[in-house]
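Reading through the structure tokens given below for one structure.
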Amino acid sequence: MTVLAAPRALRAAIATTPDPGEDVRLLETREFLPGRYLLRWAAAGIARRVRPGQFVHVMAPRTAGLLLPAVPVAGFDRAAEQITLLLSKEDGSALLALRPGDVARFDGPLGRGFEVDPRSRFLLVVTDTDGLARVRACVDEAVATSRQVALLLGARTIAEVPPSSLLPDEAEYVIATEDGSLGQRGGIAELVASYEAWADQCFVAGSDGLLRRVAKLAAGRDARMGVARLGRKRGRRPVRGASPRRRLTWLQVALPHEVGCALGVCLGCVVRGVDSQLRTCREGPAFAAPELRWELDQ
Amino acid sequence: MTVLAAPRALRAAIATTPDPGEDVRLLETREFLPGRYLLRWAAAGIARRVRPGQFVHVMAPRTAGLLLPAVPVAGFDRAAEQITLLLSKEDGSALLALRPGDVARFDGPLGRGFEVDPRSRFLLVVTDTDGLARVRACVDEAVATSRQVALLLGARTIAEVPPSSLLPDEAEYVIATEDGSLGQRGGIAELVASYEAWADQCFVAGSDGLLRRVAKLAAGRDARMGVARLGRKRGRRPVRGASPRRRLTWLQVALPHEVGCALGVCLGCVVRGVDSQLRTCREGPAFAAPELRWELDQ
Amino acid sequence: MTLDLAVELAPNRPGRLRLRHPVLVAAGGAGYGNELIEAVAEQKPAAIITRSVTREARTGNRPPRMAGLPDALLSSVGLQNPGLEAVLHRQAPRWAASDVPIIVSICADNADDISAMARTLDMRPDASGLELNLACPDRGRHGEPIGHDVAAAETATVAARAVTDLPLIVKLIAGAPDVRIIARAVAAAGADAISAIGPVPALALDRDRAGARLGTAYGGLSGPTIKPIGLRVVYEIAQVVRIPIVGIGGVACLDDVLDYLAVGATAVGIATAALGDPLLPGRLGEELAAWCEAHGVSDTRELTGRALPRRKDRGSLRMGPFGR
Amino acid sequence: MTLDLAVELAPNRPGRLRLRHPVLVAAGGAGYGNELIEAVAEQKPAAIITRSVTREARTGNRPPRMAGLPDALLSSVGLQNPGLEAVLHRQAPRWAASDVPIIVSICADNADDISAMARTLDMRPDASGLELNLACPDRGRHGEPIGHDVAAAETATVAARAVTDLPLIVKLIAGAPDVRIIARAVAAAGADAISAIGPVPALALDRDRAGARLGTAYGGLSGPTIKPIGLRVVYEIAQVVRIPIVGIGGVACLDDVLDYLAVGATAVGIATAALGDPLLPGRLGEELAAWCEAHGVSDTRELTGRALPRRKDRGSLRMGPFGR
Ligand SMILES: Cc1cc2nc3c(=O)[nH]c(=O)nc-3n(C[C@H](O)[C@H](O)[C@H](O)COP(=O)(O)OP(=O)(O)OC[C@H]3O[C@@H](n4cnc5c(N)ncnc54)[C@H](O)[C@@H]3O)c2cc1C
Ligand SMILES: Cc1cc2nc3c(=O)[nH]c(=O)nc-3n(C[C@H](O)[C@H](O)[C@H](O)COP(=O)(O)OP(=O)(O)OC[C@H]3O[C@@H](n4cnc5c(N)ncnc54)[C@H](O)[C@@H]3O)c2cc1C
Ligand SMILES: Cc1cc2nc3c(=O)[nH]c(=O)nc-3n(C[C@H](O)[C@H](O)[C@H](O)COP(=O)(O)O)c2cc1C
Ligand SMILES: Cc1cc2nc3c(=O)[nH]c(=O)nc-3n(C[C@H](O)[C@H](O)[C@H](O)COP(=O)(O)O)c2cc1C
Ligand code: FES
Ligand code: FES
């Protein structure tokens, strides 16, 4: 098996972040669901700078650099200088073979994270078992900044519901399962409506279907809530995708980003935006919902 | 990455050995040369039955069962119920990722080992860095049965010479390097001549070139030594490849066997015999030199 | 829920090649099958396809014949076999005694040999079917395999079909410029089923890089590494023929079986991984049954073709930001 | 010992495409090159081949476009690019400022477009060479790639050659029934060098197996998994042409570079592994230099073709028990 030697930090030099790669030390691997693991790392630099929605590019160890090198930062503790990743066995990441004390090298944090408006007090996070890794850090952000946060999670069945120990006590954790084996029966998107008035902002990641359903709901929310269209009252029309504009958007989504250059050059991570193609690794992985071309059935 | 679950013991049921696969526990991994490792295992059943030249088929862990599942047993200690394997990083064996205490499953011992004549007192072992794993167990056999043994090892340079700590003190360890950086300068085959009178039997494994050179020497030895042709005085002409005949042969070679069914059905391990094709996994990996079609330049 | 894992590989000849479950041993994965049959009481493969047999004996290729690569096997056995008559003489009596169907793979580069072998097998009660291996290099076309050429593939299929009504599987190779054309031709020429893929031509070097690692230089790549190629080929074939497909190439675990079914295979064959673990095909049959039970699937045929494009999707312009 | 790592990719145009060492970035491995060039001061790749450019702009394929597989990448970007003029306008000024030669990959399914693009490039000082990508599906031949067909490959090569004397590399694909025939034709038509291989057509499924993982269903397989296929193709080509070959496919470490050189490549290209680690091509150039020094090799050309069959070996009947 060809294994690449650890590269020097380069992506960082050209990417959104000016920081070089970092040697990180594995503190703990915990199987929180069958085949799903939480990995906690000592990673001072990344923990200090990371924003929810950002990812790291695993430079070493890896199997020829190809097995899902991009991994979302699922949690952070700036005081303890730690980050957590959530990985599933099917990802085949070489990180799962490591044991506590082992060292890996991560390039990051990379990409654009969620924009949390300073004035937002109530944050809604909506996800499913697979999407959790991409939005879980919003909960840490909320707790660190003394906001209220609710995390709605949908799963097929109770066996796929992550334990509440994955979340800080401060977070409200609401569950729906398709078979009704835990929490509400049905899809989690159906629960979003009852939070839309409460939440100042909503962050979502999960299956395509979940994203579409929540996006559709959000598209109708402004009207229902009587909210002014974002940015309308400002003098200059803000640039789509610009931070201030994103910050004011009720719904932001984090798209999956697993492989590719994370540099913006391979165009492998492209998704369709409203008026251009967007690269998940550079313009994302977090997007304001209105930036994306949803073409929803309305 | 697909990883096969541990299969039940089957090869054993149809193979030369009537024994099922065995769970073995790693005791120690030691890097004895850069990129080359000695792995010591608690493996009571295999240690009890193994003969020098035999191999095990690694059933678990493995990467889809393909990366060199056949590994020669490089050493054994019947009293301690241990065996050792020698692996190099290039083999890419999943065994190298294990740590002490981890369990693997081996099918074996498989194949036909060397035949040591009960009357032989002086054993000569000839090899090179890569071949060592296939013949090193002859030394353990010799020591266990109070025979004298000399191991001649050829390497390109001192950096590729395994340390003498790999061998018991009782063994004579003779080295030649191509660049003269340790021991005699030149090929190891050149040293065999000075042992041919001393040795009752000779066991060799290594590069094709080494095997050919030693085979050529051995082909002329009978005449030089005035040794009667093997088996000639017996009533019935012994079957080529039969144990008694092999036992009387001065030179036996262990051929490499890395992949394939180890069952005799895939014909992937075939080598050319004097009057038929021979399967390394069943008729070998140890062969009497006269069984093989050398087509030596004479 | 009654669970039906059985599949028909020759639906036009009902019951003639009915398998208890969809996982079989592909050609080369168990020799002529008897060692395996005799050792296994449970976890039996659905069927065993023999290694390919030629009309006359062949000594096979110059060693070394196999090399282990990361997640793959490179091999070039070269059809070593004692010829069809000898194989039948030595092996067939035991086939008859087994309840695992034996499908005899035959290989030749001319219609005469194919007809002769198919005729011979037609008269034997011990073979449950025939696989025609189109990987044979055609001496008439600078050694390019028969399976690369529509006309040659068609001729070969007709040569077998004309003389036997044994279930006939035709094995395609991955290297054809457009495998769909070959698949259509072979189906039209009377194949009961199609199997694909065979090994992918490849090469590996000796440790010192002074030459190729195999005696023939070139070898066929098989094992997990080739699965994405095999899935592509089966996905292509499944969209153009209606006969059953045996998906082969890199199967080593249940996920691989489910993948091949999803792209349109009715059954799945295993060679390389069965060399390392001869019980694998039978065990995966059991695992498939358990999986179906756990997922409320009562007939594996429900799984076949699930991932193929549905007609209504074609030409649809509606798609979201990530293409769905 | 003076160490000469330099290689000429267009020996008939001396000095026009002389590389400092043999490891370059293959098409798609670094976009149009400027991000990489501007970030790297040392460990520079020997050259950068741009992602393929078409005459008119293309929006590329429907997402998702990439999937990570074990030791491989499946991708289908679909030639997203703003068209040659726009690429030259935005990117070429910075190419001119760099000392890393930029080779522009062009792609089209008709001679007109190829001529037009080659002519445009011929007039620019900033491109050091031209790579003609024969993977383009030919609309005139049901979308079969140009590189599958001798006549189409020849026409395409002539179309470029006739209008430029820039160094011309023609990139072959792995899927041709007999790549040697294409290689010979392309060399005869005036290619200065040949590169191979491009990605291997393959497919992967979504996690729930309800459809293909990529938006286009099919994708191209690249990365370590395809190396044995790439080595086979280069080994084949090297036996029939005398022009330099750029070996591509699955290169990720020094051993891979040495392998491609041994089967006849003069230089080695990296795409997939360079996506993960953009410094890799430059670093492997340095590692190669160190290796040559340690092994007493003074010129990498000594390594090229070492594993190819030597004439004297051919037809030799003498071989030992293991075939040597
Ligand atoms: C595009 C392409 C290019 C190729 N280029 C070359 C090349 O340049 N040089 C080269 O030597 N090989 C070439 N081959 C053949 C390739 O090397 C073989 O497919 C590969 O070696 C598989 O090994 P094998 O068939 O010998 O081994 P096996 O493990 O025996 O595989 C069995 C297969 O061999 C076929 N087979 C092989 N020889 C014969 C024969 N004489 N008669 C009948 N059937 C036979 C059978 O159909 C059977 O499927 C090429 C194949 C393809 C598809
Ligand atoms: C034997 C064979 C069978 C195939 N069968 C199918 C099939 O059934 N269905 C199918 O959709 N595809 C098929 N393909 C094409 C295959 O899917 C592509 O090679 C693969 O998807 C690579 O992706 P890409 O070229 O689109 O992506 P990219 O990453 O963009 O690769 C770039 C390559 O795309 C080529 N390219 C793609 N489209 C165009 C175009 N319109 N004009 C010019 N160049 C273009 C370029 O030459 C370039 O090399 C087949 C290819 C082969 C060789
Ligand atoms: C050792 C070996 C021998 C094979 N012999 C044959 C054969 O005789 N005839 C044939 O059609 N295919 C033969 N194959 C090809 C397999 O049937 C199968 O098509 C290919 O190996 C891909 O499947 P796998 O990845 O499960 O091995 C052989 C494969 C291997 C590994
Ligand atoms: C993301 C990506 C984009 C590619 N784009 C092109 C391209 O535009 N033109 C081309 O000829 N080859 C393209 N290729 C193919 C590569 O140049 C190369 O031939 C192939 O990927 C095999 O090499 P690798 O294993 O090093 O990636 C691309 C490959 C990848 C992975
Ligand atoms: S991952 Fe390459 S452009 Fe985004
Ligand atoms: S390894 Fe299969 S016959 Fe020996």
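Letters for chains follow the order of the structure tokens (A, B, ...), residue numbers begin at 1 for each chain, and ligand numbers begin at 1 in the order shown.
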Open item on the list: Could you list the protein, DNA and RNA residues that have any atom within 6 Å of ligand 4, counting only C-alpha atoms and all ligand atoms, and write them as a list in words?
Closed with: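 Sorted by chain and then by number, the residues are Cys266 of chain A; Ala26, Ala27, Gly28, Arg51, Ser52, Leu79, Asn133, Ile197, Gly198, Pro199, Ser222, Gly223, Ile248, Gly249, Gly250, Val251, Ile270, Ala271, Thr272 and Ala273 of chain D.
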Open item on the list: I need the residues in segment 266-314 of chain C that are helix (DSSP H, G or I) according to DSSP; give them as a ChimeraX atom specification.
Closed with: /C:272-276,280-294,300-302,311-313
Would you give me, as a tab-separated table, each residue of chain D having an atom within 7 Å of an atom of chain C, along with its shortest atom pair and that distance in Å to one decimal, using only C-alpha atoms and sorting by chain and residue number?
residue	atom	partner	partner_atom	distance
D:Arg62	CA	C:Gly323	CA	5.6
D:Pro63	CA	C:Gly323	CA	4.8
D:Pro64	CA	C:Phe322	CA	5.9
D:His148	CA	C:Pro177	CA	6.9
D:Gly175	CA	C:Gly175	CA	6.4
D:Ala176	CA	C:Pro177	CA	6.4
D:Pro177	CA	C:Pro177	CA	6.3
D:Pro201	CA	C:Ile229	CA	6.6
D:Ala202	CA	C:Ile229	CA	4.4
D:Leu203	CA	C:Arg232	CA	4.7
D:Ala204	CA	C:Pro228	CA	5.9
D:Arg209	CA	C:Ala307	CA	5.7
D:Ala210	CA	C:Ala307	CA	4.5
D:Gly211	CA	C:Ala307	CA	3.9
D:Ala212	CA	C:Ala307	CA	6.4
D:Gly215	CA	C:Gly323	CA	6.0
D:Tyr218	CA	C:Arg232	CA	6.9
D:Thr225	CA	C:Thr225	CA	6.1
D:Pro228	CA	C:Ala202	CA	5.0
D:Ile229	CA	C:Ala202	CA	4.4
D:Leu231	CA	C:Leu203	CA	5.8
D:Arg232	CA	C:Leu203	CA	4.7
D:Asp259	CA	C:Arg209	CA	6.9
D:Ala262	CA	C:Arg209	CA	6.4
D:Arg306	CA	C:Ala210	CA	5.8
D:Ala307	CA	C:Gly211	CA	3.9
D:Leu308	CA	C:Gly211	CA	6.3
D:Phe322	CA	C:Pro63	CA	5.2
D:Gly323	CA	C:Pro63	CA	4.8
Writing out the chosen residues with N, CA and C atoms as a short mmCIF file (atom, residue, chain, number, x, y, z; two decimals), in the first residue's frame:
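Result written to selection-v4.cif:
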data_model
loop_
_atom_site.label_atom_id
_atom_site.label_comp_id
_atom_site.auth_asym_id
_atom_site.auth_seq_id
_atom_site.Cartn_x
_atom_site.Cartn_y
_atom_site.Cartn_z
N ARG D 62 -22.83 17.82 -14.29
CA ARG D 62 -23.76 17.92 -13.18
C ARG D 62 -23.10 17.35 -11.92
N PRO D 63 -23.18 18.04 -10.80
CA PRO D 63 -22.61 17.50 -9.56
C PRO D 63 -23.49 16.36 -9.01
N PRO D 64 -23.01 15.55 -8.10
CA PRO D 64 -21.62 15.51 -7.60
C PRO D 64 -20.65 15.02 -8.66
N HIS D 148 -10.05 5.94 -29.07
CA HIS D 148 -10.32 4.53 -29.34
C HIS D 148 -10.09 4.18 -30.80
N GLY D 175 -8.47 2.76 -22.62
CA GLY D 175 -9.52 1.88 -23.11
C GLY D 175 -9.43 1.42 -24.55
N ALA D 176 -8.44 1.90 -25.30
CA ALA D 176 -8.36 1.48 -26.70
C ALA D 176 -8.14 -0.03 -26.77
N PRO D 177 -8.79 -0.69 -27.73
CA PRO D 177 -8.63 -2.14 -27.83
C PRO D 177 -7.16 -2.53 -27.96
N PRO D 201 -12.79 4.41 -17.20
CA PRO D 201 -14.24 4.56 -16.95
C PRO D 201 -14.72 3.59 -15.88
N ALA D 202 -15.45 4.11 -14.93
CA ALA D 202 -15.87 3.30 -13.80
C ALA D 202 -17.14 3.89 -13.20
N LEU D 203 -17.61 3.28 -12.14
CA LEU D 203 -18.87 3.72 -11.54
C LEU D 203 -18.87 3.37 -10.06
N ALA D 204 -19.50 4.22 -9.26
CA ALA D 204 -19.69 3.89 -7.85
C ALA D 204 -21.11 4.28 -7.48
N ARG D 209 -27.57 3.02 -2.45
CA ARG D 209 -27.67 2.22 -3.67
C ARG D 209 -28.91 2.52 -4.51
N ALA D 210 -29.42 3.74 -4.40
CA ALA D 210 -30.58 4.09 -5.21
C ALA D 210 -30.15 4.70 -6.53
N GLY D 211 -28.87 4.91 -6.69
CA GLY D 211 -28.39 5.50 -7.93
C GLY D 211 -26.88 5.63 -7.89
N ALA D 212 -26.33 6.17 -8.96
CA ALA D 212 -24.89 6.35 -9.03
C ALA D 212 -24.48 7.51 -8.13
N GLY D 215 -23.03 12.70 -10.54
CA GLY D 215 -24.15 13.25 -11.29
C GLY D 215 -24.25 12.69 -12.70
N TYR D 218 -21.36 7.70 -14.78
CA TYR D 218 -20.00 7.26 -15.05
C TYR D 218 -18.98 8.30 -14.61
N THR D 225 -4.92 2.94 -7.49
CA THR D 225 -5.58 1.75 -8.01
C THR D 225 -5.29 1.46 -9.48
N PRO D 228 -1.32 -0.37 -12.02
CA PRO D 228 -0.97 -1.55 -12.82
C PRO D 228 -1.50 -1.49 -14.26
N ILE D 229 -2.60 -0.77 -14.45
CA ILE D 229 -3.15 -0.62 -15.80
C ILE D 229 -2.29 0.36 -16.59
N LEU D 231 0.86 1.08 -16.08
CA LEU D 231 2.16 0.47 -16.38
C LEU D 231 2.04 -0.45 -17.58
N ARG D 232 0.93 -1.19 -17.63
CA ARG D 232 0.72 -2.09 -18.77
C ARG D 232 0.67 -1.30 -20.07
N ASP D 259 8.90 2.93 -11.31
CA ASP D 259 8.18 1.93 -12.10
C ASP D 259 7.88 2.44 -13.51
N ALA D 262 10.89 2.64 -15.58
CA ALA D 262 11.36 1.30 -15.96
C ALA D 262 10.59 0.71 -17.13
N ARG D 306 14.23 0.13 -18.52
CA ARG D 306 15.03 -0.98 -17.98
C ARG D 306 14.27 -2.29 -17.89
N ALA D 307 12.95 -2.19 -17.68
CA ALA D 307 12.17 -3.42 -17.48
C ALA D 307 11.58 -3.95 -18.78
N LEU D 308 11.85 -3.25 -19.89
CA LEU D 308 11.29 -3.73 -21.15
C LEU D 308 12.01 -4.99 -21.59
N PHE D 322 11.30 -21.35 -12.12
CA PHE D 322 10.35 -20.27 -11.86
C PHE D 322 10.32 -19.33 -13.03
N GLY D 323 10.71 -19.80 -14.19
CA GLY D 323 10.46 -19.07 -15.41
C GLY D 323 11.53 -18.09 -15.82
#
Task: Counting only C-alpha atoms, the option among C:Val257, C:Gly68, C:Gly147, C:Gly33 closest to chain A - done: C:Gly68
Task: Which of D:Gly285, D:Gly264, D:Gly190, D:Gly31 sits closest to chain A [using only C-alpha atoms] - done: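 Of all the options, D:Gly31 lies closest to chain A.
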Open item on the list: Can you pull out the residues contacting Asp117 of chain B? Cut-off 12 Å, using only C-alpha atoms, and skip same-chain residues under 5 positions away; I want them as a PyMOL selection string.
Closed with: chain B and resi 122-123+141-142+145+147+200-202+243-252
TODO: Pick out the closest residue to chain B from this set: A:Leu98, A:Val116, A:Val214, A:Ala242. Count only C-alpha atoms.
DONE: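 Comparing A:Leu98, A:Val116, A:Val214, A:Ala242 against chain B, the winner is A:Leu98.
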- [ ] Residues of chain B near chain D: apply a cut-off of 10 Å, count only C-alpha atoms, and supply the list as a PyMOL selection string.
- [x] chain B and resi 1-2+208-209+212+255-256+269-274+277-278+291-297
What residues have any atom no more than 6 Å from ligand 5 when counting only C-alpha atoms and all ligand atoms, and can you list them as a PDB file with N, CA, C and O atoms, in the first residue's frame?
ATOM      1  N   GLY A 260     -10.956  15.901  -3.062  1.00  0.00           N
ATOM      2  CA  GLY A 260     -10.623  16.999  -3.963  1.00  0.00           C
ATOM      3  C   GLY A 260      -9.460  17.787  -3.411  1.00  0.00           C
ATOM      4  O   GLY A 260      -8.894  17.438  -2.371  1.00  0.00           O
ATOM      5  N   CYS A 261      -9.124  18.865  -4.095  1.00  0.00           N
ATOM      6  CA  CYS A 261      -7.891  19.570  -3.800  1.00  0.00           C
ATOM      7  C   CYS A 261      -8.014  20.468  -2.569  1.00  0.00           C
ATOM      8  O   CYS A 261      -7.022  20.802  -1.952  1.00  0.00           O
ATOM      9  N   ALA A 262      -9.252  20.866  -2.244  1.00  0.00           N
ATOM     10  CA  ALA A 262      -9.481  21.826  -1.156  1.00  0.00           C
ATOM     11  C   ALA A 262      -8.730  23.125  -1.406  1.00  0.00           C
ATOM     12  O   ALA A 262      -8.443  23.884  -0.489  1.00  0.00           O
ATOM     13  N   LEU A 263      -8.396  23.338  -2.652  1.00  0.00           N
ATOM     14  CA  LEU A 263      -7.596  24.490  -3.054  1.00  0.00           C
ATOM     15  C   LEU A 263      -8.347  25.372  -4.013  1.00  0.00           C
ATOM     16  O   LEU A 263      -7.914  26.468  -4.350  1.00  0.00           O
ATOM     17  N   GLY A 264      -9.450  24.845  -4.538  1.00  0.00           N
ATOM     18  CA  GLY A 264     -10.211  25.622  -5.489  1.00  0.00           C
ATOM     19  C   GLY A 264      -9.849  25.381  -6.941  1.00  0.00           C
ATOM     20  O   GLY A 264     -10.406  26.016  -7.829  1.00  0.00           O
ATOM     21  N   VAL A 265      -8.927  24.463  -7.207  1.00  0.00           N
ATOM     22  CA  VAL A 265      -8.491  24.310  -8.596  1.00  0.00           C
ATOM     23  C   VAL A 265      -9.064  23.107  -9.336  1.00  0.00           C
ATOM     24  O   VAL A 265      -9.094  23.084 -10.558  1.00  0.00           O
ATOM     25  N   CYS A 266      -9.553  22.088  -8.634  1.00  0.00           N
ATOM     26  CA  CYS A 266      -9.932  20.871  -9.360  1.00  0.00           C
ATOM     27  C   CYS A 266     -11.371  20.916  -9.851  1.00  0.00           C
ATOM     28  O   CYS A 266     -11.766  20.154 -10.723  1.00  0.00           O
ATOM     29  N   LEU A 267     -12.189  21.768  -9.274  1.00  0.00           N
ATOM     30  CA  LEU A 267     -13.593  21.906  -9.654  1.00  0.00           C
ATOM     31  C   LEU A 267     -14.386  20.625  -9.440  1.00  0.00           C
ATOM     32  O   LEU A 267     -15.423  20.413 -10.067  1.00  0.00           O
ATOM     33  N   GLY A 268     -13.874  19.780  -8.576  1.00  0.00           N
ATOM     34  CA  GLY A 268     -14.583  18.537  -8.290  1.00  0.00           C
ATOM     35  C   GLY A 268     -15.701  18.744  -7.269  1.00  0.00           C
ATOM     36  O   GLY A 268     -16.589  17.923  -7.152  1.00  0.00           O
ATOM     37  N   CYS A 269     -15.664  19.849  -6.540  1.00  0.00           N
ATOM     38  CA  CYS A 269     -16.592  20.047  -5.434  1.00  0.00           C
ATOM     39  C   CYS A 269     -17.680  21.047  -5.793  1.00  0.00           C
ATOM     40  O   CYS A 269     -18.373  21.556  -4.930  1.00  0.00           O
ATOM     41  N   ARG A 279     -17.764  26.561  -5.464  1.00  0.00           N
ATOM     42  CA  ARG A 279     -16.890  25.483  -5.014  1.00  0.00           C
ATOM     43  C   ARG A 279     -17.102  25.252  -3.516  1.00  0.00           C
ATOM     44  O   ARG A 279     -16.906  26.178  -2.721  1.00  0.00           O
ATOM     45  N   THR A 280     -17.477  24.043  -3.165  1.00  0.00           N
ATOM     46  CA  THR A 280     -17.730  23.734  -1.758  1.00  0.00           C
ATOM     47  C   THR A 280     -16.498  24.020  -0.899  1.00  0.00           C
ATOM     48  O   THR A 280     -16.617  24.456   0.241  1.00  0.00           O
ATOM     49  N   CYS A 281     -15.309  23.810  -1.448  1.00  0.00           N
ATOM     50  CA  CYS A 281     -14.095  23.954  -0.625  1.00  0.00           C
ATOM     51  C   CYS A 281     -13.709  25.404  -0.387  1.00  0.00           C
ATOM     52  O   CYS A 281     -12.946  25.698   0.521  1.00  0.00           O
TER      53      CYS A 281
END
- [ ] Compile the contact shell of Gly140 of chain D as a VMD selection string: residues with an atom at most 10 Å away, counting only C-alpha atoms, same-chain residues fewer than 4 positions apart removed.
- [x] chain D and resid 109 to 110 144 146
- [ ] Determine, counting only C-alpha atoms, which protein, DNA and RNA residues have an atom within 10 Å of an atom of segment 151-154 of chain B; residues of the same chain fewer than 2 positions away are not included. Present the result as a ChimeraX atom specification.
- [x] /B:123-132,135-136,138-139,149,156-158,160-162,167,171-178,182-192,195,202-204,206,210
TODO: List the neighbours of Leu254 of chain C out to 10 Å using only C-alpha atoms; skip same-chain residues closer than 4 positions along the sequence, and give me the result as a list of chain:residue names.
DONE: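 With the cut-off at 10 Å, the set is B:Thr2, B:Leu4, C:Val23, C:Leu258, C:Asp259, C:Leu280, C:Pro281, C:Arg283, C:Leu284, C:Gly285, C:Glu286, C:Glu287, C:Leu288, C:Trp291.
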Same residues, N, CA, C and O atoms, output as a short mmCIF file (atom, residue, chain, number, x, y, z; two decimals), in the first residue's frame:
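The new file again10.cif reads:
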data_model
loop_
_atom_site.label_atom_id
_atom_site.label_comp_id
_atom_site.auth_asym_id
_atom_site.auth_seq_id
_atom_site.Cartn_x
_atom_site.Cartn_y
_atom_site.Cartn_z
N THR B 2 -12.58 -2.59 2.00
CA THR B 2 -13.26 -3.82 2.36
C THR B 2 -12.31 -4.75 3.11
O THR B 2 -11.21 -5.00 2.66
N LEU B 4 -12.23 -8.54 4.86
CA LEU B 4 -13.01 -9.75 5.00
C LEU B 4 -13.16 -10.13 6.46
O LEU B 4 -12.24 -9.96 7.25
N VAL C 23 -25.07 -15.93 -5.00
CA VAL C 23 -23.61 -15.77 -4.96
C VAL C 23 -22.89 -17.05 -5.37
O VAL C 23 -22.97 -18.08 -4.68
N LEU C 258 -24.37 -6.42 -2.87
CA LEU C 258 -25.51 -5.50 -3.01
C LEU C 258 -25.25 -4.49 -4.12
O LEU C 258 -26.16 -4.13 -4.87
N ASP C 259 -24.01 -4.04 -4.25
CA ASP C 259 -23.67 -3.10 -5.32
C ASP C 259 -23.94 -3.71 -6.70
O ASP C 259 -24.55 -3.09 -7.56
N LEU C 280 -16.27 -18.02 1.29
CA LEU C 280 -16.87 -16.70 1.16
C LEU C 280 -18.17 -16.68 0.34
O LEU C 280 -19.18 -16.12 0.80
N PRO C 281 -18.20 -17.27 -0.85
CA PRO C 281 -19.45 -17.17 -1.63
C PRO C 281 -20.65 -17.74 -0.88
O PRO C 281 -21.72 -17.12 -0.86
N ARG C 283 -20.94 -18.02 2.38
CA ARG C 283 -21.24 -17.18 3.53
C ARG C 283 -21.96 -15.90 3.11
O ARG C 283 -22.89 -15.45 3.78
N LEU C 284 -21.55 -15.33 1.99
CA LEU C 284 -22.22 -14.11 1.53
C LEU C 284 -23.67 -14.40 1.13
O LEU C 284 -24.54 -13.54 1.28
N GLY C 285 -23.94 -15.61 0.66
CA GLY C 285 -25.34 -15.99 0.41
C GLY C 285 -26.13 -15.92 1.70
O GLY C 285 -27.23 -15.35 1.75
N GLU C 286 -25.56 -16.44 2.77
CA GLU C 286 -26.24 -16.38 4.07
C GLU C 286 -26.38 -14.94 4.56
O GLU C 286 -27.42 -14.55 5.08
N GLU C 287 -25.30 -14.18 4.40
CA GLU C 287 -25.36 -12.78 4.85
C GLU C 287 -26.41 -12.01 4.08
O GLU C 287 -27.09 -11.13 4.62
N LEU C 288 -26.54 -12.34 2.81
CA LEU C 288 -27.55 -11.67 1.99
C LEU C 288 -28.95 -11.99 2.50
O LEU C 288 -29.82 -11.11 2.58
N TRP C 291 -29.55 -10.01 5.52
CA TRP C 291 -29.73 -8.60 5.18
C TRP C 291 -31.14 -8.36 4.64
O TRP C 291 -31.80 -7.40 5.01
#
TODO: Using DSSP on the backbone coordinates, identify all residues within segment 113-258 of chain B classified as strand (DSSP E); present the result as a ChimeraX atom specification.
DONE: /B:122-128,148-155,172-177,184-185,201-205,251-254
- [ ] Name all residues at most 12 Å from Gly15 of chain D (count only C-alpha atoms; drop same-chain ones fewer than 4 positions away) and give them as a count of residues only.
- [x] 13
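Comparing B:Val259, B:Ser194, B:Gly284, B:Ser120 by their smallest distance to ligand 3, the closest is B:Val259 (using only C-alpha atoms and all ligand atoms).
Between chain A and the residues B:Val103, B:Ala43, B:Met59, B:Leu96, the shortest atom-to-atom distance, using only C-alpha atoms, involves B:Leu96.
Among the candidate residues A:Ala97, A:Ala159, A:Leu211, A:Ala205, the one lying nearest to chain B is A:Ala97, with distances computed using only C-alpha atoms.
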